[in-house]
Every structure is written in structure tokens, then in C-alpha cells.
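So this one's run_7.pdb, PDB, C-alpha atoms:
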```pdb
MODEL        1
ATOM      1  CA  MET D   1     -28.352  -7.137   5.770
ATOM      2  CA  LEU D   2     -28.248  -4.538   2.997
ATOM      3  CA  PRO D   3     -25.336  -2.060   2.950
ATOM      4  CA  ARG D   4     -25.834   1.175   4.862
ATOM      5  CA  GLU D   5     -24.562   3.180   1.901
ATOM      6  CA  LYS D   6     -27.203   3.395  -0.823
ATOM      7  CA  SER D   7     -24.448   3.999  -3.380
ATOM      8  CA  VAL D   8     -23.083   0.500  -2.705
ATOM      9  CA  VAL D   9     -26.500  -1.031  -3.382
ATOM     10  CA  GLY D  10     -26.785   1.069  -6.525
ATOM     11  CA  ILE D  11     -23.381   0.161  -7.951
ATOM     12  CA  LEU D  12     -23.639  -3.567  -7.206
ATOM     13  CA  THR D  13     -27.188  -3.805  -8.543
ATOM     14  CA  SER D  14     -26.536  -1.770 -11.689
ATOM     15  CA  SER D  15     -23.366  -3.815 -12.348
ATOM     16  CA  TYR D  16     -25.272  -7.088 -12.141
ATOM     17  CA  LEU D  17     -28.305  -5.883 -14.127
ATOM     18  CA  LEU D  18     -26.137  -4.359 -16.861
ATOM     19  CA  ALA D  19     -24.134  -7.581 -17.143
ATOM     20  CA  VAL D  20     -27.372  -9.545 -17.574
ATOM     21  CA  ALA D  21     -28.992  -7.015 -19.935
ATOM     22  CA  THR D  22     -25.957  -7.043 -22.249
ATOM     23  CA  SER D  23     -25.771 -10.858 -22.287
ATOM     24  CA  LEU D  24     -29.400 -11.680 -23.100
ATOM     25  CA  PRO D  25     -28.882 -13.710 -26.315
ATOM     26  CA  ARG D  26     -26.410 -16.030 -24.549
ATOM     27  CA  LEU D  27     -27.966 -16.439 -21.095
ATOM     28  CA  THR D  28     -28.437 -19.935 -19.682
ATOM     29  CA  PRO D  29     -29.986 -20.750 -16.286
ATOM     30  CA  LEU D  30     -27.079 -22.252 -14.334
ATOM     31  CA  PRO D  31     -24.395 -19.620 -15.088
ATOM     32  CA  LEU D  32     -27.001 -16.931 -14.418
ATOM     33  CA  ALA D  33     -27.742 -18.517 -11.027
ATOM     34  CA  VAL D  34     -24.027 -18.522 -10.117
ATOM     35  CA  ALA D  35     -23.696 -14.857 -11.095
ATOM     36  CA  ALA D  36     -26.813 -14.049  -9.051
ATOM     37  CA  ALA D  37     -25.350 -15.882  -6.049
ATOM     38  CA  ALA D  38     -22.175 -13.781  -6.288
ATOM     39  CA  TYR D  39     -24.238 -10.579  -6.471
ATOM     40  CA  LEU D  40     -26.343 -11.511  -3.438
ATOM     41  CA  LEU D  41     -23.284 -12.509  -1.400
ATOM     42  CA  HIS D  42     -21.601  -9.175  -2.155
ATOM     43  CA  LEU D  43     -24.767  -7.291  -1.279
ATOM     44  CA  LEU D  44     -25.556  -9.087   1.972
ATOM     45  CA  THR D  45     -22.031  -9.275   3.371
ATOM     46  CA  PHE D  46     -20.685  -5.901   2.235
ATOM     47  CA  ASP D  47     -21.057  -4.097   5.558
ATOM     48  CA  SER D  48     -19.601  -7.030   7.485
ATOM     49  CA  VAL D  49     -16.556  -6.955   5.207
ATOM     50  CA  PHE D  50     -16.201  -3.164   5.088
ATOM     51  CA  TYR D  51     -16.618  -2.734   8.836
ATOM     52  CA  ALA D  52     -14.711  -5.915   9.738
ATOM     53  CA  ARG D  53     -13.320  -5.725  13.268
ATOM     54  CA  ASN D  54     -10.240  -7.774  12.479
ATOM     55  CA  PRO D  55      -8.375  -9.317   9.512
ATOM     56  CA  MET D  56      -9.817 -12.772  10.272
ATOM     57  CA  GLN D  57     -13.381 -11.546   9.754
ATOM     58  CA  PHE D  58     -12.366  -9.623   6.636
ATOM     59  CA  TYR D  59     -10.637 -12.538   4.932
ATOM     60  CA  SER D  60     -13.106 -15.237   5.984
ATOM     61  CA  LEU D  61     -16.002 -13.249   4.507
ATOM     62  CA  THR D  62     -13.910 -12.401   1.464
ATOM     63  CA  ALA D  63     -13.242 -16.113   0.929
ATOM     64  CA  LEU D  64     -16.997 -16.713   1.076
ATOM     65  CA  ASN D  65     -17.492 -14.056  -1.608
ATOM     66  CA  PHE D  66     -14.879 -15.735  -3.794
ATOM     67  CA  LEU D  67     -16.708 -19.092  -3.810
ATOM     68  CA  PRO D  68     -19.089 -18.410  -6.745
ATOM     69  CA  TYR D  69     -16.160 -17.280  -8.880
ATOM     70  CA  LEU D  70     -14.105 -20.339  -7.974
ATOM     71  CA  ALA D  71     -17.081 -22.579  -8.784
ATOM     72  CA  ALA D  72     -17.565 -20.818 -12.129
ATOM     73  CA  ALA D  73     -13.861 -21.177 -12.953
ATOM     74  CA  ALA D  74     -13.979 -24.895 -12.107
ATOM     75  CA  LEU D  75     -16.853 -25.263 -14.583
ATOM     76  CA  GLY D  76     -14.993 -23.275 -17.258
ATOM     77  CA  TRP D  77     -17.263 -20.232 -16.971
ATOM     78  CA  TRP D  78     -14.654 -17.536 -16.588
ATOM     79  CA  SER D  79     -12.266 -15.144 -18.302
ATOM     80  CA  LEU D  80      -8.643 -14.726 -17.224
ATOM     81  CA  PRO D  81      -8.467 -10.946 -17.902
ATOM     82  CA  ALA D  82     -11.730 -10.340 -15.999
ATOM     83  CA  TYR D  83     -10.587 -12.351 -13.000
ATOM     84  CA  ALA D  84      -7.125 -10.716 -13.076
ATOM     85  CA  ILE D  85      -8.668  -7.218 -13.017
ATOM     86  CA  GLY D  86     -10.950  -8.153 -10.124
ATOM     87  CA  LEU D  87      -8.091  -9.706  -8.135
ATOM     88  CA  LEU D  88      -5.808  -6.701  -8.710
ATOM     89  CA  LEU D  89      -8.478  -4.271  -7.465
ATOM     90  CA  PHE D  90      -9.242  -6.456  -4.457
ATOM     91  CA  ALA D  91      -5.538  -6.640  -3.564
ATOM     92  CA  SER D  92      -5.269  -2.847  -3.852
ATOM     93  CA  TYR D  93      -8.255  -2.368  -1.572
ATOM     94  CA  ALA D  94      -6.922  -4.914   0.948
ATOM     95  CA  VAL D  95      -3.613  -2.998   1.144
ATOM     96  CA  LEU D  96      -5.471   0.251   1.810
ATOM     97  CA  MET D  97      -7.579  -1.469   4.465
ATOM     98  CA  HIS D  98      -4.507  -2.808   6.277
ATOM     99  CA  ARG D  99      -3.035   0.696   6.254
ATOM    100  CA  GLY D 100      -6.215   2.088   7.788
ATOM    101  CA  ARG D 101      -7.099   4.038   4.638
ATOM    102  CA  ARG D 102     -10.401   2.456   3.622
ATOM    103  CA  ARG D 103     -12.366   5.614   4.548
ATOM    104  CA  THR D 104      -9.972   7.944   2.719
ATOM    105  CA  VAL D 105     -10.548   9.241  -0.805
ATOM    106  CA  GLU D 106      -8.209   6.550  -2.124
ATOM    107  CA  GLY D 107     -10.164   3.878  -0.267
ATOM    108  CA  VAL D 108     -13.517   5.143  -1.531
ATOM    109  CA  VAL D 109     -12.308   5.354  -5.138
ATOM    110  CA  THR D 110     -10.613   1.941  -5.095
ATOM    111  CA  GLY D 111     -13.680   0.391  -3.464
ATOM    112  CA  THR D 112     -15.897   1.983  -6.118
ATOM    113  CA  ALA D 113     -13.720   0.579  -8.899
ATOM    114  CA  LEU D 114     -13.846  -2.861  -7.271
ATOM    115  CA  LEU D 115     -17.639  -2.821  -6.862
ATOM    116  CA  SER D 116     -18.310  -1.620 -10.406
ATOM    117  CA  SER D 117     -15.859  -4.203 -11.785
ATOM    118  CA  THR D 118     -18.303  -6.933 -10.798
ATOM    119  CA  ILE D 119     -19.969  -6.225 -14.159
ATOM    120  CA  LEU D 120     -16.973  -7.830 -15.885
ATOM    121  CA  LEU D 121     -16.908 -10.777 -13.484
ATOM    122  CA  ALA D 122     -20.650 -11.387 -13.920
ATOM    123  CA  LYS D 123     -20.334 -11.260 -17.706
ATOM    124  CA  ALA D 124     -17.391 -13.662 -17.568
ATOM    125  CA  ILE D 125     -19.606 -16.149 -15.721
ATOM    126  CA  VAL D 126     -22.699 -15.858 -17.902
ATOM    127  CA  ILE D 127     -21.065 -15.641 -21.360
ATOM    128  CA  HIS D 128     -17.531 -16.966 -20.593
ATOM    129  CA  GLN D 129     -15.734 -15.425 -23.595
ATOM    130  CA  LEU D 130     -15.719 -11.614 -23.540
ATOM    131  CA  ALA D 131     -15.688  -9.578 -26.753
ATOM    132  CA  LEU D 132     -14.102  -6.171 -27.402
ATOM    133  CA  ARG D 133     -17.401  -4.395 -26.757
ATOM    134  CA  ASP D 134     -17.630  -6.005 -23.315
ATOM    135  CA  TYR D 135     -14.297  -4.434 -22.364
ATOM    136  CA  LEU D 136     -15.371  -1.076 -23.814
ATOM    137  CA  LEU D 137     -18.575  -1.308 -21.782
ATOM    138  CA  TYR D 138     -16.481  -2.082 -18.716
ATOM    139  CA  ALA D 139     -14.112   0.853 -19.306
ATOM    140  CA  LEU D 140     -16.966   3.345 -19.654
ATOM    141  CA  PHE D 141     -19.027   1.921 -16.783
ATOM    142  CA  VAL D 142     -16.154   1.787 -14.293
ATOM    143  CA  GLY D 143     -14.787   5.097 -15.556
ATOM    144  CA  TYR D 144     -18.167   6.678 -14.883
ATOM    145  CA  HIS D 145     -18.443   5.340 -11.327
ATOM    146  CA  VAL D 146     -14.875   6.237 -10.384
ATOM    147  CA  ALA D 147     -15.290   9.731 -11.847
ATOM    148  CA  ALA D 148     -18.634  10.067 -10.035
ATOM    149  CA  ALA D 149     -16.923   9.080  -6.782
ATOM    150  CA  TYR D 150     -14.379  11.872  -7.284
ATOM    151  CA  TYR D 151     -17.235  14.229  -8.191
ATOM    152  CA  VAL D 152     -19.082  13.462  -4.967
ATOM    153  CA  GLU D 153     -15.888  13.716  -2.891
ATOM    154  CA  SER D 154     -15.178  17.122  -4.429
ATOM    155  CA  ARG D 155     -18.577  18.351  -3.205
ATOM    156  CA  LEU D 156     -17.935  17.396   0.428
ATOM    157  CA  ALA D 157     -16.733  20.228   2.636
ATOM    158  CA  PHE D 158     -14.623  17.886   4.764
ATOM    159  CA  ARG D 159     -12.680  16.514   1.764
ATOM    160  CA  ASN D 160      -9.904  18.296  -0.095
ATOM    161  CA  VAL D 161     -10.578  17.023  -3.611
ATOM    162  CA  LYS D 162     -10.285  19.350  -6.603
ATOM    163  CA  PRO D 163     -13.383  19.405  -8.841
ATOM    164  CA  HIS D 164     -11.452  18.766 -12.052
ATOM    165  CA  VAL D 165     -10.107  15.375 -10.851
ATOM    166  CA  ALA D 166     -13.266  13.586 -12.074
ATOM    167  CA  LEU D 167     -12.411  14.601 -15.648
ATOM    168  CA  TYR D 168      -8.930  13.094 -15.300
ATOM    169  CA  VAL D 169     -10.655   9.706 -15.064
ATOM    170  CA  TRP D 170     -13.657  10.326 -17.298
ATOM    171  CA  ILE D 171     -12.003  11.853 -20.386
ATOM    172  CA  PRO D 172      -9.563   8.919 -20.908
ATOM    173  CA  ALA D 173     -12.449   6.428 -20.483
ATOM    174  CA  VAL D 174     -14.506   8.231 -23.148
ATOM    175  CA  ALA D 175     -11.492   8.730 -25.433
ATOM    176  CA  LEU D 176     -10.717   5.007 -25.278
ATOM    177  CA  THR D 177     -14.313   3.934 -25.908
ATOM    178  CA  ALA D 178     -15.691   6.416 -28.456
ATOM    179  CA  PRO D 179     -13.538   5.546 -31.526
ATOM    180  CA  LEU D 180     -14.515   1.873 -31.314
ATOM    181  CA  TRP D 181     -18.090   2.380 -30.083
ATOM    182  CA  PRO D 182     -19.348   5.813 -31.239
ATOM    183  CA  ALA D 183     -22.897   5.263 -29.953
ATOM    184  CA  ALA D 184     -21.525   5.290 -26.398
ATOM    185  CA  LEU D 185     -21.078   9.058 -26.746
ATOM    186  CA  ILE D 186     -24.838   9.384 -26.242
ATOM    187  CA  ALA D 187     -24.508   7.957 -22.729
ATOM    188  CA  ALA D 188     -21.337   9.977 -22.106
ATOM    189  CA  ALA D 189     -22.939  13.361 -22.860
ATOM    190  CA  GLU D 190     -24.666  14.054 -19.521
ATOM    191  CA  PRO D 191     -21.779  12.894 -17.285
ATOM    192  CA  THR D 192     -19.306  14.959 -19.335
ATOM    193  CA  TYR D 193     -21.439  18.065 -18.848
ATOM    194  CA  LYS D 194     -21.877  17.310 -15.131
ATOM    195  CA  PHE D 195     -18.172  16.823 -14.437
ATOM    196  CA  ALA D 196     -17.199  19.899 -16.488
ATOM    197  CA  ALA D 197     -19.882  22.119 -14.903
ATOM    198  CA  ASN D 198     -18.669  21.075 -11.444
ATOM    199  CA  ILE D 199     -15.388  22.902 -12.098
ATOM    200  CA  LYS D 200     -17.260  26.213 -12.316
ATOM    201  CA  ARG D 201     -20.003  25.519  -9.794
ATOM    202  CA  ASN D 202     -18.392  23.395  -7.115
ATOM    203  CA  THR D 203     -20.857  23.834  -4.250
ATOM    204  CA  LYS D 204     -19.610  22.264  -1.022
ATOM    205  CA  TYR D 205     -21.947  20.332   1.271
ATOM    206  CA  SER D 206     -21.501  19.678   4.970
ATOM    207  CA  ARG D 207     -25.068  19.087   6.187
ATOM    208  CA  TYR D 208     -26.286  15.476   6.194
ATOM    209  CA  GLN D 209     -29.528  16.457   4.441
ATOM    210  CA  ASP D 210     -27.659  18.054   1.530
ATOM    211  CA  ILE D 211     -25.271  15.118   1.202
ATOM    212  CA  ALA D 212     -28.150  12.622   1.289
ATOM    213  CA  ARG D 213     -30.021  14.627  -1.374
ATOM    214  CA  MET D 214     -26.931  14.635  -3.573
ATOM    215  CA  GLY D 215     -26.588  10.875  -3.052
ATOM    216  CA  ARG D 216     -30.166  10.261  -4.217
ATOM    217  CA  ARG D 217     -29.606  12.470  -7.233
ATOM    218  CA  GLU D 218     -26.452  10.561  -8.174
ATOM    219  CA  LEU D 219     -28.251   7.232  -7.794
ATOM    220  CA  ALA D 220     -30.880   8.400 -10.294
ATOM    221  CA  ARG D 221     -28.223   9.640 -12.701
ATOM    222  CA  GLY D 222     -26.343   6.359 -12.408
ATOM    223  CA  ALA D 223     -29.521   4.387 -13.136
ATOM    224  CA  ILE D 224     -30.193   6.441 -16.281
ATOM    225  CA  PHE D 225     -26.585   6.031 -17.421
ATOM    226  CA  THR D 226     -26.784   2.259 -16.885
ATOM    227  CA  ALA D 227     -30.071   1.979 -18.814
ATOM    228  CA  LEU D 228     -28.594   3.936 -21.722
ATOM    229  CA  LEU D 229     -25.547   1.671 -21.834
ATOM    230  CA  ALA D 230     -27.790  -1.411 -21.893
ATOM    231  CA  VAL D 231     -29.634  -0.077 -24.957
ATOM    232  CA  LEU D 232     -26.572   1.292 -26.743
ATOM    233  CA  TYR D 233     -24.645  -1.966 -26.259
ATOM    234  CA  TYR D 234     -26.682  -3.484 -29.102
ATOM    235  CA  ILE D 235     -26.148  -0.549 -31.501
TER     236      ILE D 235
ENDMDL
END
```
Turn this file's structure into C-alpha cells for me.
Amino acid sequence: MLPREKSVVGILTSSYLLAVATSLPRLTPLPLAVAAAAYLLHLLTFDSVFYARNPMQFYSLTALNFLPYLAAAALGWWSLPAYAIGLLLFASYAVLMHRGRRRTVEGVVTGTALLSSTILLAKAIVIHQLALRDYLLYALFVGYHVAAAYYVESRLAFRNVKPHVALYVWIPAVALTAPLWPAALIAAAEPTYKFAANIKRNTKYSRYQDIARMGRRELARGAIFTALLAVLYYI
């Protein structure tokens, strides 16, 4: 079953597609199939994990989601830094879940970082050895999604999130990436404007229709950002 939240589908799918698009010269069928299996497992079991009724369900389904990565590691298709980042984010999310904070702002942001980090895990499987640009791509991609999560939270009337918080995440991600990959500034332009403009025009939404409309708009923006990164990766 697909996740109820369209943003989850969007982040997981864009993470996988961007990993594939930026690995084209080095793709081979079997590693690609393992990465695809991981993506499909995450997609189809997400709600069962997120809405798990007890720790047993949570960890048994989590173990199932770990299998493709364990198989890839056994075959030598992995990267220690990528796996360490993924494990650290998962552990952080698991702590929040056990404290009953998975629906809080911290839970949403940590979950977003974990979902978008699958780009690094997928690339580790399909190309094994990650280059500097892969980590820069990761920093900008995850920075964007975490900042976008704060942006959305700041627009919700029932959340108390300041509109400038998104820039606290986004500016360091751009500052880290731009000196070593100047072309990435092209992709960073629209999000920078959006996050900065939100400080002046922070319209709050409480109606479902308005929130859903904002969600669709952010999905489209995320898709455009992902497509730009895929093209700029080779420049």
C-alpha cells in the first residue's frame, strides 16, 4: 500500500530517481535491482512502519527494509559513510518514536532527513564508491527537503515554527556546496527565494484544502529541483 502522505511518495521516489540519474555511466543490472527493491520496500511498508501499533511491528518491518542493504554490503556494494549516515538518522528517528514524538516537528524533520538520505544509500549500492560530488549532491538534496519541511511546518496554523528556521538549514547547505560545485547555485536560486520570502509573507493555513494545495505545490517544486540537480550533476 502506498503511503497516505504524498510528500513521502515524492521524497522516496525523487531520491531513488536522482540516485539513478546521477549514476548512469556506471549502472549495472543487479545493483540497480537491489536498489529498486529497497525503494519499493520503503514505499510499500512506510505506513505500516510509521503507524506501527507496537515496537515488535516497527522493528520487524524495519529489519525487512534493512535486507537489501545487508545483501548489498555482503556483495561489496556499499559505502561506510553512507551506511553510517543512514543508521544514525534511523536511530534518531527510533528514539523520537519511542518517546511518542514522531508526529512532532522534530519527528517530521528527522523523518524527512531519513527518507531523503536514501539517495546516498541507493548511490552506494549502484556505484559503490562515492565521489565528492555525490556528497555535495546529498548535502544540497537533504538540505532542501529538511528546509522545505520546516517551511511547510511554519505555514501550518497549529504549529509554532518560525518562518526563518528553514534558512538556518538551507543557507549552510548552499554555503557548503557552492564553492565546490558552483553550478548547483542554479538549482538553489528558487528555494532560496521561497524560504526568504516566507519570512515576510508567512501565511498560515488551517483548512485541509489549503494545506493539500500547498502540499501539491511543494511536490511540483521538489520535482523541478530534483530534475535540475540531475542535469547540473554532470556540469
**OP:** Give as a VMD selection string every residue, naming chains and numbers as the document does, that has an atom within 12 Å of (-23.2, 13.7, 5.2), counting all atoms listed in the file.
**Re:** chain D and resid 5 152 to 153 155 to 159 204 to 215
Original post:
Counting all atoms listed in the file, what is within 12 Å of range 29-42 of chain D, bar same-chain residues fewer than 4 positions away, as an NGL selection string?
Top reply: :D and (1-3 or 8-17 or 19-21 or 23-24 or 46-50 or 61-73 or 75-78 or 114-128)
**OP:** For Ile235 in chain D, list every protein, DNA or RNA residue within 10 Å, evaluated using only C-alpha atoms, and leave out those in the same chain fewer than 5 positions away; present the list as a PyMOL selection string.
**Re:** chain D and resi 181-184+229-230
Within 9 Å of range 101-106 of chain D using only C-alpha atoms, minus same-chain residues under 4 positions, as a compact mmCIF listing (two decimals) with C-alpha atoms, in the frame of the given file:
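Here's the written file out06.txt:
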```txt
# COMPACT_ATOMS: atom_id res chain seq x y z
CA PHE D 50 -16.20 -3.16 5.09
CA TYR D 93 -8.26 -2.37 -1.57
CA ALA D 94 -6.92 -4.91 0.95
CA VAL D 95 -3.61 -3.00 1.14
CA LEU D 96 -5.47 0.25 1.81
CA MET D 97 -7.58 -1.47 4.46
CA THR D 110 -10.61 1.94 -5.10
CA GLY D 111 -13.68 0.39 -3.46
CA ALA D 149 -16.92 9.08 -6.78
CA TYR D 150 -14.38 11.87 -7.28
CA GLU D 153 -15.89 13.72 -2.89
CA ARG D 159 -12.68 16.51 1.76
CA VAL D 161 -10.58 17.02 -3.61
```
Original post:
At what distance in Å, to one decimal, does CA of Arg26 in chain D lie from CA of Tyr233 in chain D?
Top reply: 14.3 Å
Subject >> For CA of Phe225 in chain D and CA of Ser79 in chain D, the interatomic separation in Å (one decimal) >> reply: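 According to the coordinates, CA of Phe225 in chain D and CA of Ser79 in chain D are separated by 25.6 Å.
Comparing D:Thr203, D:Gly143, D:Phe90, D:Leu27 by their smallest distance to Phe58 in chain D, the closest is D:Phe90 (using all atoms listed in the file).
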Original post:
So which one's closest to Gly222 in chain D, D:Arg4, D:Leu132, D:Phe141, D:Ala82? Using only C-alpha atoms, please.
Top reply: D:Phe141
Could you pull the residues within 12 Å of His164 in chain D, counting all atoms listed in the file, minus those fewer than 3 positions along the same chain, as a PDB file with C-alpha atoms, keeping the file's coordinate frame?
```pdb
ATOM      1  CA  ALA D 147     -15.290   9.731 -11.847  1.00  0.00           C
ATOM      2  CA  ALA D 148     -18.634  10.067 -10.035  1.00  0.00           C
ATOM      3  CA  TYR D 150     -14.379  11.872  -7.284  1.00  0.00           C
ATOM      4  CA  TYR D 151     -17.235  14.229  -8.191  1.00  0.00           C
ATOM      5  CA  VAL D 152     -19.082  13.462  -4.967  1.00  0.00           C
ATOM      6  CA  GLU D 153     -15.888  13.716  -2.891  1.00  0.00           C
ATOM      7  CA  SER D 154     -15.178  17.122  -4.429  1.00  0.00           C
ATOM      8  CA  ARG D 155     -18.577  18.351  -3.205  1.00  0.00           C
ATOM      9  CA  VAL D 161     -10.578  17.023  -3.611  1.00  0.00           C
ATOM     10  CA  LEU D 167     -12.411  14.601 -15.648  1.00  0.00           C
ATOM     11  CA  TYR D 168      -8.930  13.094 -15.300  1.00  0.00           C
ATOM     12  CA  VAL D 169     -10.655   9.706 -15.064  1.00  0.00           C
ATOM     13  CA  TRP D 170     -13.657  10.326 -17.298  1.00  0.00           C
ATOM     14  CA  ILE D 171     -12.003  11.853 -20.386  1.00  0.00           C
ATOM     15  CA  THR D 192     -19.306  14.959 -19.335  1.00  0.00           C
ATOM     16  CA  LYS D 194     -21.877  17.310 -15.131  1.00  0.00           C
ATOM     17  CA  PHE D 195     -18.172  16.823 -14.437  1.00  0.00           C
ATOM     18  CA  ALA D 196     -17.199  19.899 -16.488  1.00  0.00           C
ATOM     19  CA  ALA D 197     -19.882  22.119 -14.903  1.00  0.00           C
ATOM     20  CA  ASN D 198     -18.669  21.075 -11.444  1.00  0.00           C
ATOM     21  CA  ILE D 199     -15.388  22.902 -12.098  1.00  0.00           C
ATOM     22  CA  LYS D 200     -17.260  26.213 -12.316  1.00  0.00           C
ATOM     23  CA  ARG D 201     -20.003  25.519  -9.794  1.00  0.00           C
ATOM     24  CA  ASN D 202     -18.392  23.395  -7.115  1.00  0.00           C
TER      25      ASN D 202
END
```
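Between CA of Ala166 in chain D and CA of Leu87 in chain D the interatomic distance comes to 24.2 Å.
Taking all atoms listed in the file into account, Ala113 in chain D lies nearest to D:Ser92 out of the set D:Thr45, D:Gln129, D:Thr177, D:Ser92.
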